[in-house]
$ cat protein_32.csv   # CSV, C-alpha atoms
chain,number,residue,atom,x,y,z
E,1,MET,CA,44.6,39.3,60.3
E,2,ASN,CA,41.8,41.8,60.3
E,3,LEU,CA,38.3,41.1,59.0
E,4,THR,CA,37.9,41.0,55.3
E,5,ARG,CA,35.1,42.6,53.2
E,6,THR,CA,33.1,39.3,53.3
E,7,ALA,CA,32.8,36.9,56.2
E,8,PHE,CA,31.3,33.5,56.9
E,9,GLY,CA,29.2,33.1,60.0
E,10,SER,CA,29.0,29.7,61.7
E,11,TRP,CA,25.2,30.3,62.1
E,12,SER,CA,24.9,29.7,58.3
E,13,GLY,CA,23.7,26.4,56.9
E,14,GLY,CA,20.9,25.9,59.3
E,15,ARG,CA,23.1,23.9,61.8
E,16,PHE,CA,23.1,26.1,64.9
E,17,MET,CA,20.3,28.6,64.1
E,18,HIS,CA,17.2,27.4,62.3
E,19,PHE,CA,17.3,28.9,58.8
E,20,GLY,CA,16.0,26.7,56.1
E,21,GLU,CA,17.5,23.2,55.7
E,22,ALA,CA,20.2,22.0,58.1
E,23,LEU,CA,23.3,20.8,56.4
E,24,ASP,CA,25.0,17.6,57.4
E,25,ASP,CA,28.6,17.7,58.7
E,26,ALA,CA,30.3,16.9,55.4
E,27,ARG,CA,28.4,19.6,53.4
E,28,TYR,CA,28.9,22.2,56.1
E,29,ILE,CA,32.6,21.5,56.2
E,30,ASN,CA,32.8,21.7,52.4
E,31,LEU,CA,30.9,25.0,52.6
E,32,VAL,CA,33.6,26.4,54.8
E,33,HIS,CA,36.3,25.1,52.5
E,34,ARG,CA,34.5,26.6,49.5
E,35,SER,CA,34.2,30.0,51.2
E,36,TYR,CA,37.9,30.0,51.8
E,37,GLU,CA,38.9,28.8,48.4
E,38,MET,CA,36.6,31.3,46.7
E,39,GLY,CA,38.1,34.2,48.7
E,40,THR,CA,36.0,34.8,51.8
E,41,ARG,CA,38.7,34.7,54.4
E,42,SER,CA,37.0,35.7,57.6
E,43,PHE,CA,35.2,33.1,59.8
E,44,ILE,CA,33.0,34.1,62.8
E,45,THR,CA,31.8,31.7,65.5
E,46,ALA,CA,29.9,32.1,68.8
E,47,ASP,CA,30.6,29.8,71.6
E,48,VAL,CA,26.9,29.4,72.6
E,49,TYR,CA,25.8,28.0,69.2
E,50,GLY,CA,25.1,24.4,69.6
E,51,GLY,CA,26.6,24.5,73.1
E,52,GLY,CA,30.1,24.7,71.6
E,53,ARG,CA,29.5,22.5,68.6
E,54,ALA,CA,29.7,25.4,66.1
E,55,ASP,CA,33.2,26.1,67.4
E,56,THR,CA,34.2,22.5,67.1
E,57,LEU,CA,32.8,22.0,63.5
E,58,LEU,CA,34.4,25.3,62.3
E,59,GLY,CA,37.7,24.2,63.9
E,60,GLU,CA,37.5,20.9,62.1
E,61,ALA,CA,36.8,22.6,58.8
E,62,LEU,CA,39.7,25.0,59.2
E,63,LYS,CA,42.2,22.4,60.4
E,64,GLY,CA,45.3,22.3,58.2
E,65,ILE,CA,44.7,25.7,56.6
E,66,ASP,CA,47.5,28.2,57.1
E,67,ARG,CA,46.3,30.2,60.1
E,68,SER,CA,47.9,33.4,58.8
E,69,THR,CA,45.6,33.3,55.7
E,70,TYR,CA,42.3,33.9,57.4
E,71,ASN,CA,40.6,35.8,60.2
E,72,LEU,CA,39.1,33.9,63.0
E,73,SER,CA,36.6,35.9,65.2
E,74,GLY,CA,35.0,34.6,68.3
E,75,ILE,CA,31.9,35.8,70.2
E,76,VAL,CA,31.3,35.0,73.9
E,77,GLY,CA,28.9,36.2,76.6
E,78,HIS,CA,26.1,33.7,77.0
E,79,ASP,CA,26.7,31.5,80.0
E,80,PHE,CA,25.8,28.0,78.8
E,81,TYR,CA,28.4,26.5,81.3
E,82,GLY,CA,26.6,27.4,84.5
E,83,GLY,CA,23.4,29.2,83.4
E,84,LEU,CA,20.1,27.5,82.7
E,85,ARG,CA,18.5,27.9,79.3
E,86,ALA,CA,15.2,29.9,79.3
E,87,GLY,CA,13.5,28.3,76.4
E,88,ALA,CA,13.6,30.4,73.2
E,89,LYS,CA,15.3,33.2,75.1
E,90,GLY,CA,18.4,31.1,75.3
E,91,TYR,CA,21.1,31.1,77.9
E,92,PRO,CA,21.6,34.0,80.3
E,93,ARG,CA,24.3,36.6,79.9
E,94,PHE,CA,27.3,35.9,82.1
E,95,THR,CA,26.7,39.3,83.8
E,96,GLU,CA,23.3,38.2,85.2
E,97,PRO,CA,23.4,39.0,89.0
E,98,GLY,CA,22.3,35.6,90.1
E,99,LEU,CA,25.3,34.0,88.4
E,100,ARG,CA,28.3,35.9,89.6
E,101,SER,CA,29.6,39.2,90.9
E,102,PRO,CA,31.5,41.9,88.9
E,103,GLU,CA,34.7,40.6,90.5
E,104,GLU,CA,34.2,37.3,88.7
E,105,TYR,CA,33.5,38.8,85.2
E,106,ALA,CA,37.2,38.6,84.2
E,107,SER,CA,37.6,35.0,85.2
E,108,TYR,CA,34.5,34.0,83.3
E,109,LEU,CA,35.6,35.8,80.1
E,110,ALA,CA,39.0,34.1,80.3
E,111,MET,CA,37.5,30.7,80.8
E,112,ALA,CA,34.9,31.1,78.0
E,113,THR,CA,37.6,32.5,75.6
E,114,GLU,CA,40.1,29.7,76.4
E,115,LYS,CA,37.5,27.0,75.9
E,116,SER,CA,36.2,28.5,72.7
E,117,LEU,CA,39.7,28.7,71.3
E,118,GLU,CA,40.4,25.1,72.3
E,119,ARG,CA,37.3,23.9,70.4
E,120,CYS,CA,38.4,25.9,67.4
E,121,GLY,CA,41.9,24.4,67.5
E,122,ALA,CA,43.4,27.9,67.7
E,123,GLU,CA,45.8,29.8,70.0
E,124,LYS,CA,44.1,33.2,69.6
E,125,PHE,CA,41.2,35.1,68.1
E,126,ASP,CA,41.9,37.9,65.6
E,127,LEU,CA,38.8,39.5,67.0
E,128,LEU,CA,36.7,38.7,70.1
E,129,MET,CA,33.2,40.3,70.5
E,130,LEU,CA,30.9,40.5,73.4
E,131,HIS,CA,27.8,38.6,72.5
E,132,ASN,CA,24.4,40.2,73.0
E,133,PRO,CA,25.4,42.4,76.0
E,134,ASP,CA,22.8,43.3,78.6
E,135,SER,CA,22.9,46.8,80.2
E,136,VAL,CA,25.9,45.7,82.3
E,137,GLY,CA,27.9,44.5,79.4
E,138,TYR,CA,27.6,47.9,77.6
E,139,SER,CA,28.5,49.9,80.6
E,140,SER,CA,30.6,48.0,83.2
E,141,GLU,CA,34.2,48.8,83.7
E,142,ALA,CA,34.7,45.3,85.2
E,143,VAL,CA,33.5,43.7,81.9
E,144,TRP,CA,35.9,45.8,79.8
E,145,ASP,CA,38.7,45.3,82.3
E,146,GLY,CA,38.3,41.6,81.7
E,147,LEU,CA,38.3,42.0,78.0
E,148,ARG,CA,41.4,44.2,78.1
E,149,THR,CA,43.2,41.4,80.1
E,150,LEU,CA,42.5,38.9,77.3
E,151,LYS,CA,44.2,41.2,74.9
E,152,GLN,CA,47.1,41.7,77.2
E,153,ARG,CA,47.5,37.9,77.5
E,154,GLY,CA,47.6,37.6,73.7
E,155,LEU,CA,44.4,35.5,73.5
E,156,VAL,CA,42.9,38.1,71.2
E,157,ASP,CA,44.2,40.8,68.9
E,158,ARG,CA,41.1,43.0,68.7
E,159,LEU,CA,37.9,43.6,70.7
E,160,GLY,CA,34.3,44.4,69.9
E,161,ILE,CA,30.6,44.1,70.6
E,162,ALA,CA,28.0,42.1,68.8
E,163,PRO,CA,24.6,43.5,70.0
E,164,GLY,CA,21.4,41.6,69.7
E,165,PRO,CA,19.7,39.2,69.3
E,166,ALA,CA,16.9,41.5,68.1
E,167,ASN,CA,17.2,44.9,66.6
E,168,GLY,CA,17.8,48.1,68.6
E,169,PHE,CA,20.2,48.9,71.5
E,170,THR,CA,21.1,52.1,69.6
E,171,LEU,CA,21.6,54.4,72.6
E,172,ASP,CA,23.4,51.6,74.5
E,173,ILE,CA,25.8,51.0,71.5
E,174,ILE,CA,26.6,54.7,71.1
E,175,GLY,CA,27.1,55.1,74.9
E,176,CYS,CA,29.4,52.1,74.8
E,177,PHE,CA,31.4,53.7,72.0
E,178,GLU,CA,31.7,56.9,73.9
E,179,LYS,CA,32.9,55.2,77.1
E,180,PHE,CA,35.1,52.4,75.7
E,181,ALA,CA,36.2,53.6,72.3
E,182,ALA,CA,39.8,53.0,73.1
E,183,ASP,CA,39.1,49.3,73.5
E,184,ILE,CA,36.6,48.7,70.7
E,185,ASP,CA,37.8,47.9,67.2
E,186,TRP,CA,34.6,46.4,65.7
E,187,ALA,CA,30.9,46.4,66.3
E,188,MET,CA,28.4,44.1,64.6
E,189,ILE,CA,25.0,45.6,63.7
E,190,ILE,CA,21.9,44.6,61.7
E,191,LEU,CA,22.0,46.6,58.5
E,192,ASN,CA,20.6,46.0,55.0
E,193,PRO,CA,18.7,48.1,52.4
E,194,PHE,CA,15.3,47.0,53.8
E,195,GLU,CA,16.4,47.5,57.5
E,196,PRO,CA,18.3,50.8,57.5
E,197,TRP,CA,16.6,51.7,60.8
E,198,PRO,CA,17.9,51.8,63.5
E,199,GLY,CA,21.4,50.7,62.5
E,200,GLN,CA,21.9,53.8,60.4
E,201,HIS,CA,21.9,55.8,63.7
E,202,VAL,CA,25.2,54.3,64.9
E,203,LEU,CA,27.2,55.0,61.8
E,204,ALA,CA,28.3,58.5,62.6
E,205,ALA,CA,29.3,57.6,66.2
E,206,ALA,CA,31.3,54.6,65.0
E,207,LYS,CA,33.1,56.8,62.4
E,208,LYS,CA,33.9,59.5,65.0
E,209,HIS,CA,35.4,56.9,67.4
E,210,ASN,CA,37.3,55.0,64.7
E,211,ILE,CA,35.2,51.8,65.1
E,212,ASP,CA,34.7,49.6,62.1
E,213,LEU,CA,31.3,48.0,61.6
E,214,LEU,CA,30.4,44.5,60.6
E,215,ALA,CA,26.9,44.2,59.1
E,216,ARG,CA,24.8,41.1,59.7
E,217,VAL,CA,21.3,40.1,58.4
E,218,VAL,CA,22.6,41.5,55.0
E,219,ASP,CA,20.3,39.0,53.3
E,220,PHE,CA,17.1,40.3,55.1
E,221,GLY,CA,15.9,36.9,56.0
E,222,GLY,CA,16.8,35.5,52.6
E,223,ILE,CA,14.9,38.0,50.5
E,224,PHE,CA,18.2,39.2,49.0
E,225,HIS,CA,19.2,35.6,48.1
E,226,ASP,CA,16.3,36.0,45.6
E,227,ASP,CA,14.8,32.6,46.3
E,228,VAL,CA,12.3,33.5,49.0
E,229,LYS,CA,9.1,34.5,47.1
E,230,PRO,CA,5.5,35.4,48.0
E,231,GLY,CA,3.8,32.4,49.6
E,232,HIS,CA,7.1,30.9,50.8
E,233,LYS,CA,6.5,28.1,53.3
E,234,PHE,CA,8.9,28.2,56.3
E,235,ARG,CA,9.5,25.0,58.2
E,236,ASP,CA,8.3,24.8,61.8
E,237,GLY,CA,10.9,26.5,64.0
E,238,ASP,CA,12.5,28.5,61.3
E,239,HIS,CA,14.1,31.6,62.9
E,240,ARG,CA,12.3,33.8,60.4
E,241,THR,CA,8.8,33.0,61.5
E,242,PHE,CA,9.2,35.7,64.2
E,243,ARG,CA,8.9,38.3,61.5
E,244,PRO,CA,5.5,40.0,61.0
E,245,GLN,CA,2.9,38.6,58.6
E,246,GLY,CA,3.4,39.8,55.0
E,247,TRP,CA,7.1,40.6,55.4
E,248,VAL,CA,8.0,38.4,52.5
E,249,GLU,CA,5.5,39.9,50.1
E,250,HIS,CA,6.4,43.5,51.1
E,251,GLY,CA,10.1,42.6,50.8
E,252,CYS,CA,9.7,41.1,47.3
E,253,GLU,CA,7.8,44.3,46.2
E,254,LYS,CA,10.7,46.4,47.3
E,255,LEU,CA,13.2,44.0,45.7
E,256,GLU,CA,11.7,44.8,42.3
E,257,GLN,CA,12.0,48.5,42.9
E,258,VAL,CA,15.7,48.3,43.6
E,259,ARG,CA,16.5,45.6,41.0
E,260,PRO,CA,17.3,48.1,38.2
E,261,ILE,CA,20.1,49.6,40.3
E,262,ALA,CA,21.6,46.1,40.9
E,263,GLU,CA,21.3,45.4,37.1
E,264,LYS,CA,23.0,48.8,36.4
E,265,TYR,CA,26.1,47.5,38.2
E,266,GLY,CA,25.8,43.9,37.2
E,267,LEU,CA,25.1,42.7,40.7
E,268,THR,CA,23.1,39.8,42.1
E,269,MET,CA,20.7,40.9,44.7
E,270,LEU,CA,22.9,39.6,47.6
E,271,GLN,CA,25.8,41.5,46.2
E,272,PHE,CA,23.6,44.6,45.8
E,273,SER,CA,22.7,44.5,49.5
E,274,ALA,CA,26.3,43.9,50.6
E,275,ILE,CA,27.5,46.8,48.4
E,276,TRP,CA,24.8,49.1,49.9
E,277,ASP,CA,26.2,48.3,53.3
E,278,LEU,CA,29.8,48.8,52.3
E,279,SER,CA,29.1,52.1,50.5
E,280,GLN,CA,28.5,53.6,54.0
E,281,GLU,CA,31.3,54.5,56.3
E,282,PRO,CA,32.5,52.9,58.5
E,283,VAL,CA,31.0,49.6,57.4
E,284,LYS,CA,34.0,47.4,56.4
E,285,SER,CA,32.7,43.9,56.4
E,286,VAL,CA,29.4,42.0,55.7
E,287,VAL,CA,28.3,38.6,57.0
E,288,PRO,CA,25.0,37.5,55.5
E,289,THR,CA,23.3,34.4,56.7
E,290,LEU,CA,23.8,31.7,54.0
E,291,ILE,CA,20.7,29.6,53.8
E,292,GLN,CA,19.7,26.4,51.9
E,293,GLU,CA,16.0,26.9,51.4
E,294,ALA,CA,14.0,23.7,52.0
E,295,TYR,CA,12.1,23.4,48.7
E,296,GLU,CA,12.8,21.6,45.4
E,297,GLY,CA,14.6,23.9,42.9
E,298,ALA,CA,15.9,26.4,45.5
E,299,LYS,CA,19.3,28.0,44.8
E,300,SER,CA,22.1,26.0,46.3
E,301,ILE,CA,23.8,27.4,49.3
E,302,GLU,CA,27.1,26.8,47.5
E,303,SER,CA,26.0,29.3,44.8
E,304,LYS,CA,25.3,31.9,47.5
E,305,VAL,CA,28.9,31.4,48.9
E,306,ASP,CA,30.2,32.1,45.4
E,307,GLU,CA,28.1,35.2,45.0
E,308,LEU,CA,29.4,36.6,48.3
E,309,ALA,CA,33.0,35.7,47.6
E,310,ALA,CA,32.8,37.3,44.1
E,311,LEU,CA,31.7,40.7,45.6
E,312,PRO,CA,33.0,43.3,43.2
E,313,GLU,CA,34.8,46.5,44.2
E,314,VAL,CA,31.8,48.8,43.6
E,315,THR,CA,30.6,51.7,45.6
E,316,PHE,CA,27.2,53.3,45.3
E,317,THR,CA,27.0,57.0,45.1
E,318,PRO,CA,25.6,58.9,48.1
E,319,GLU,CA,22.5,59.7,46.1
E,320,GLU,CA,22.0,56.0,45.3
E,321,VAL,CA,22.5,55.0,49.0
E,322,LYS,CA,19.8,57.5,50.0
E,323,GLU,CA,17.4,56.4,47.2
E,324,ILE,CA,17.7,52.8,48.2
E,325,ALA,CA,17.3,53.6,51.9
E,326,ALA,CA,14.1,55.6,51.1
E,327,ILE,CA,12.6,52.6,49.3
E,328,GLY,CA,13.5,50.3,52.2
E,329,ASP,CA,12.7,52.7,55.0
E,330,ASN,CA,11.5,50.7,58.0
E,331,THR,CA,11.4,53.4,60.6
E,332,GLY,CA,9.2,52.6,63.5
E,333,CYS,CA,8.3,49.1,62.2
E,334,MET,CA,9.1,47.4,65.5
E,335,LYS,CA,9.6,47.9,69.2
E,336,LEU,CA,13.4,48.1,69.6
E,337,LYS,CA,15.3,46.3,72.3
E,338,GLY,CA,17.6,47.9,74.8
E,339,ALA,CA,17.2,51.2,76.7
E,340,SER,CA,13.8,52.7,76.2
E,341,GLU,CA,11.4,55.0,78.1
E,342,ARG,CA,8.7,52.4,77.7
E,343,HIS,CA,10.5,50.3,80.3
E,344,ALA,CA,10.4,53.0,83.0
E,345,GLY,CA,9.9,51.5,86.4
E,346,GLN,CA,10.7,47.9,85.5
E,347,ASP,CA,13.7,46.0,86.6
E,348,PRO,CA,16.3,45.5,83.8
E,349,ARG,CA,15.7,42.3,81.8
E,350,ALA,CA,18.1,40.6,79.4
E,351,ASP,CA,17.1,42.6,76.4
E,352,GLU,CA,15.3,45.6,77.7
E,353,TRP,CA,15.8,48.1,80.5
E,354,PRO,CA,14.8,51.7,81.6
E,355,ILE,CA,16.5,54.5,79.8
E,356,GLN,CA,19.0,56.5,81.9
E,357,GLU,CA,19.6,60.3,82.0
E,358,GLY,CA,23.0,59.8,80.4
E,359,GLN,CA,21.4,58.0,77.5
E,360,LEU,CA,19.0,60.8,76.9
E,361,ARG,CA,22.0,63.1,76.6
E,362,VAL,CA,23.5,60.6,74.1
E,363,ALA,CA,20.3,60.9,72.0
E,364,GLU,CA,20.5,64.7,72.1
E,365,ARG,CA,24.2,64.8,71.1
E,366,TRP,CA,23.6,62.6,68.1
E,367,GLY,CA,20.4,64.3,66.9
E,368,LEU,CA,18.1,61.4,67.8
E,369,GLY,CA,15.7,63.5,69.8
E,370,ALA,CA,15.1,63.8,73.5
E,371,THR,CA,12.6,61.0,73.6
E,372,TRP,CA,13.5,57.4,72.6
E,373,ALA,CA,10.4,55.5,73.2
E,374,TRP,CA,10.3,53.1,70.2

$ encode --input "protein_32.csv" --output "structure tokens"
Amino acid sequence: MNLTRTAFGSWSGGRFMHFGEALDDARYINLVHRSYEMGTRSFITADVYGGGRADTLLGEALKGIDRSTYNLSGIVGHDFYGGLRAGAKGYPRFTEPGLRSPEEYASYLAMATEKSLERCGAEKFDLLMLHNPDSVGYSSEAVWDGLRTLKQRGLVDRLGIAPGPANGFTLDIIGCFEKFAADIDWAMIILNPFEPWPGQHVLAAAKKHNIDLLARVVDFGGIFHDDVKPGHKFRDGDHRTFRPQGWVEHGCEKLEQVRPIAEKYGLTMLQFSAIWDLSQEPVKSVVPTLIQEAYEGAKSIESKVDELAALPEVTFTPEEVKEIAAIGDNTGCMKLKGASERHAGQDPRADEWPIQEGQLRVAERWGLGATWAW
């Protein structure tokens, strides 16, 4: 089964990434059941979340449900089996030179996929994505040979990439599309009306290479859930505290500017954001982070599941898409991760590396300019 228009990510509910209040096991499982029953039939998990606990809990929630009636997507790539966690940076990518050689990539991918499937209680993934690739993951034939082998073995039906964890990687993504398009069915990118940049730059390349896009951070840190207001107090350790000061206030100001368009179509603000994404080819699925905000009177996370599942079949006009993007324009608001001229002369790191000549040609081919120094 392919991904559906709406998807549930195992990072929702504050269990495995710190967003709002952490749900207990029973409420989390009920949330998965509710998503399924209300019509969201795609479930996405990453093996590194909770050191495998996200897989296990999702598997428990889906146990007994007809496997042919939902999409199960896995994400692998962080080596929490043999790698050492580097604090907030998390576990290293499996392609880190100190962990293994290219000849060992395929065996790692097979092991990680098999263990993730076992925890999920499943025989195969409908889609498997490469999690937060480093420069090697985007470009190595050995990595993609290993992924192809998983497909040949019947462990996965489709393949893709899930860049991150921060925003950027634009030239790396497009270069990966150009080199491995025959193997890539899906790519997951950050895209919402208040963060059109830089995700918007990969849309044309994905469309040309027949790659479908899955949009994450559709909620823009909860702003589009409409219950994060100016003065919102985030708990210590909340993942959103990395955003710049004033982002909530600025986001809420923009929210009021676009609210009339949402009201015109009878949409909640979460639905509005999702429809904006889906109104652009080739975005085919949205997976917002579902959050139970930690204050009295906050919207229930269950109501957010219902909003997402009830997403109507609406498409914004091209003019409306552009109008909304102009209001939310965030061009140059942050230093992007991935290949950049600002990293010239340094050794590649997990999320940043020097730009290569071939990537400058990618930028020129796609009208992104000869200099990519953000």

$ residues_around --input "protein_32.csv" --residues "segment 289-294 of chain E" --least-positions-apart "5" --cutoff "8 Å" --atoms "all atoms listed in the file" --output "list in words"
Gly9, Trp11, Ser12, Gly13, Gly14, Phe19, Gly20, Glu21, Ala22, Arg216, Val217, Val218, Asp219, Gly221, Gly222, Asp227, Val228, Arg235, Lys299, Ser300, Ile301, Lys304 and Val305 of chain E

$ closest_residue --input "protein_32.csv" --among "E:His78, E:Lys335, E:Arg365, E:Arg15" --to "Trp197 of chain E" --atoms "only C-alpha atoms"
E:Lys335

$ residues_around --input "protein_32.csv" --residues "Gly51 of chain E" --least-positions-apart "5" --cutoff "12 Å" --atoms "all atoms listed in the file" --output "NGL selection string"
:E and (15-17 or 45-46 or 56-57 or 76 or 78-85 or 90-91 or 112 or 115-116 or 119)

$ residues_around --input "protein_32.csv" --residues "Ile211 of chain E" --least-positions-apart "6" --cutoff "9 Å" --atoms "all atoms listed in the file" --output "list in words"
Gly160, Phe177, Ala181, Ile184, Asp185, Trp186, Ala187, Ala205 and Pro282 of chain E

$ closest_residue --input "protein_32.csv" --among "E:Thr149, E:Thr6, E:Ser340, E:Thr331" --to "Val283 of chain E" --atoms "all atoms listed in the file"
E:Thr6

$ closest_residue --input "protein_32.csv" --among "E:His209, E:Lys124, E:His18, E:Arg27" --to "Phe242 of chain E" --atoms "only C-alpha atoms"
E:His18

$ atom_distance --input "protein_32.csv" --atom1 "atom CA of Arg243 of chain E" --atom2 "atom CA of His201 of chain E"
21.9 Å

$ residues_around --input "protein_32.csv" --residues "Glu195 of chain E" --least-positions-apart "4" --cutoff "8 Å" --atoms "only C-alpha atoms" --output "PyMOL selection string"
chain E and resi 190-191+199+220+328-330

$ closest_residue --input "protein_32.csv" --among "E:Thr170, E:Ser68, E:Ser73, E:Ser303" --to "Ser135 of chain E" --atoms "all atoms listed in the file"
E:Thr170

$ closest_residue --input "protein_32.csv" --among "E:Ile75, E:Ile275, E:Ile29, E:Ala88" --to "His239 of chain E" --atoms "all atoms listed in the file"
E:Ala88

$ closest_residue --input "protein_32.csv" --among "E:Pro244, E:Gly146, E:Gly237, E:Gly231" --to "Glu104 of chain E" --atoms "all atoms listed in the file"
E:Gly146

$ residues_around --input "protein_32.csv" --residues "Ile324 of chain E" --least-positions-apart "2" --cutoff "9 Å" --atoms "only C-alpha atoms" --output "JSON, numbers by chain"
{"E": [193, 194, 257, 258, 261, 276, 319, 320, 321, 322, 326, 327, 328, 329]}

$ write_last_selection --input "protein_32.csv" --atoms "C-alpha atoms" --output "compact mmCIF listing (two decimals), in the frame of the given file"
# COMPACT_ATOMS: atom_id res chain seq x y z
CA PRO E 193 18.70 48.10 52.40
CA PHE E 194 15.30 47.00 53.80
CA GLN E 257 12.00 48.50 42.90
CA VAL E 258 15.70 48.30 43.60
CA ILE E 261 20.10 49.60 40.30
CA TRP E 276 24.80 49.10 49.90
CA GLU E 319 22.50 59.70 46.10
CA GLU E 320 22.00 56.00 45.30
CA VAL E 321 22.50 55.00 49.00
CA LYS E 322 19.80 57.50 50.00
CA ALA E 326 14.10 55.60 51.10
CA ILE E 327 12.60 52.60 49.30
CA GLY E 328 13.50 50.30 52.20
CA ASP E 329 12.70 52.70 55.00

$ atom_distance --input "protein_32.csv" --atom1 "atom CA of Gln280 of chain E" --atom2 "atom CA of Pro318 of chain E"
8.4 Å

$ atom_distance --input "protein_32.csv" --atom1 "atom CA of Asn132 of chain E" --atom2 "atom CA of Met188 of chain E"
10.1 Å

$ residues_near_point --input "protein_32.csv" --point "(29.2, 37.3, 49.4)" --cutoff "10 Å" --atoms "only C-alpha atoms" --output "PyMOL selection string"
chain E and resi 5-8+35+38-40+218-219+268+270-275+286-290+303-312

$ residues_near_point --input "protein_32.csv" --point "(38.4, 36.3, 55.9)" --cutoff "6 Å" --atoms "all atoms listed in the file" --output "number ranges by chain"
E: 3-4, 7, 40-43, 70-71

$ axis_aligned_box --input "protein_32.csv" --around "segment 289-305 of chain E" --padding-each-side "8 Å" --output "JSON"
{"center_x": 20.5, "center_y": 28.0, "center_z": 49.8, "size_x": 32.8, "size_y": 28.8, "size_z": 29.8}

$ decode --input "protein_32.csv" --residues "segment 225-254 of chain E" --atoms "C-alpha atoms" --output "PDB file, in the first residue's frame"
ATOM      1  CA  HIS E 225      -2.596  23.703  15.508  1.00  0.00           C
ATOM      2  CA  ASP E 226      -3.843  27.131  16.583  1.00  0.00           C
ATOM      3  CA  ASP E 227      -3.124  26.622  20.284  1.00  0.00           C
ATOM      4  CA  VAL E 228       0.405  28.025  20.491  1.00  0.00           C
ATOM      5  CA  LYS E 229      -0.101  31.718  21.190  1.00  0.00           C
ATOM      6  CA  PRO E 230       2.174  34.706  21.973  1.00  0.00           C
ATOM      7  CA  GLY E 231       3.810  34.181  25.335  1.00  0.00           C
ATOM      8  CA  HIS E 232       3.565  30.381  25.093  1.00  0.00           C
ATOM      9  CA  LYS E 233       5.727  28.688  27.714  1.00  0.00           C
ATOM     10  CA  PHE E 234       7.600  25.668  26.425  1.00  0.00           C
ATOM     11  CA  ARG E 235       8.779  23.057  28.873  1.00  0.00           C
ATOM     12  CA  ASP E 236      12.495  22.586  29.386  1.00  0.00           C
ATOM     13  CA  GLY E 237      13.869  20.366  26.654  1.00  0.00           C
ATOM     14  CA  ASP E 238      10.969  20.951  24.260  1.00  0.00           C
ATOM     15  CA  HIS E 239      12.317  20.457  20.733  1.00  0.00           C
ATOM     16  CA  ARG E 240      10.918  23.826  19.652  1.00  0.00           C
ATOM     17  CA  THR E 241      13.135  25.851  21.959  1.00  0.00           C
ATOM     18  CA  PHE E 242      15.846  25.740  19.279  1.00  0.00           C
ATOM     19  CA  ARG E 243      13.797  28.176  17.172  1.00  0.00           C
ATOM     20  CA  PRO E 244      14.792  31.859  17.284  1.00  0.00           C
ATOM     21  CA  GLN E 245      13.318  34.227  19.832  1.00  0.00           C
ATOM     22  CA  GLY E 246      10.009  35.735  18.724  1.00  0.00           C
ATOM     23  CA  TRP E 247       9.096  32.983  16.274  1.00  0.00           C
ATOM     24  CA  VAL E 248       5.766  32.309  17.989  1.00  0.00           C
ATOM     25  CA  GLU E 249       4.719  35.952  17.893  1.00  0.00           C
ATOM     26  CA  HIS E 250       5.737  36.366  14.251  1.00  0.00           C
ATOM     27  CA  GLY E 251       4.051  33.094  13.337  1.00  0.00           C
ATOM     28  CA  CYS E 252       0.799  34.114  14.993  1.00  0.00           C
ATOM     29  CA  GLU E 253       0.837  37.448  13.152  1.00  0.00           C
ATOM     30  CA  LYS E 254       1.147  35.617   9.847  1.00  0.00           C
TER      31      LYS E 254
END
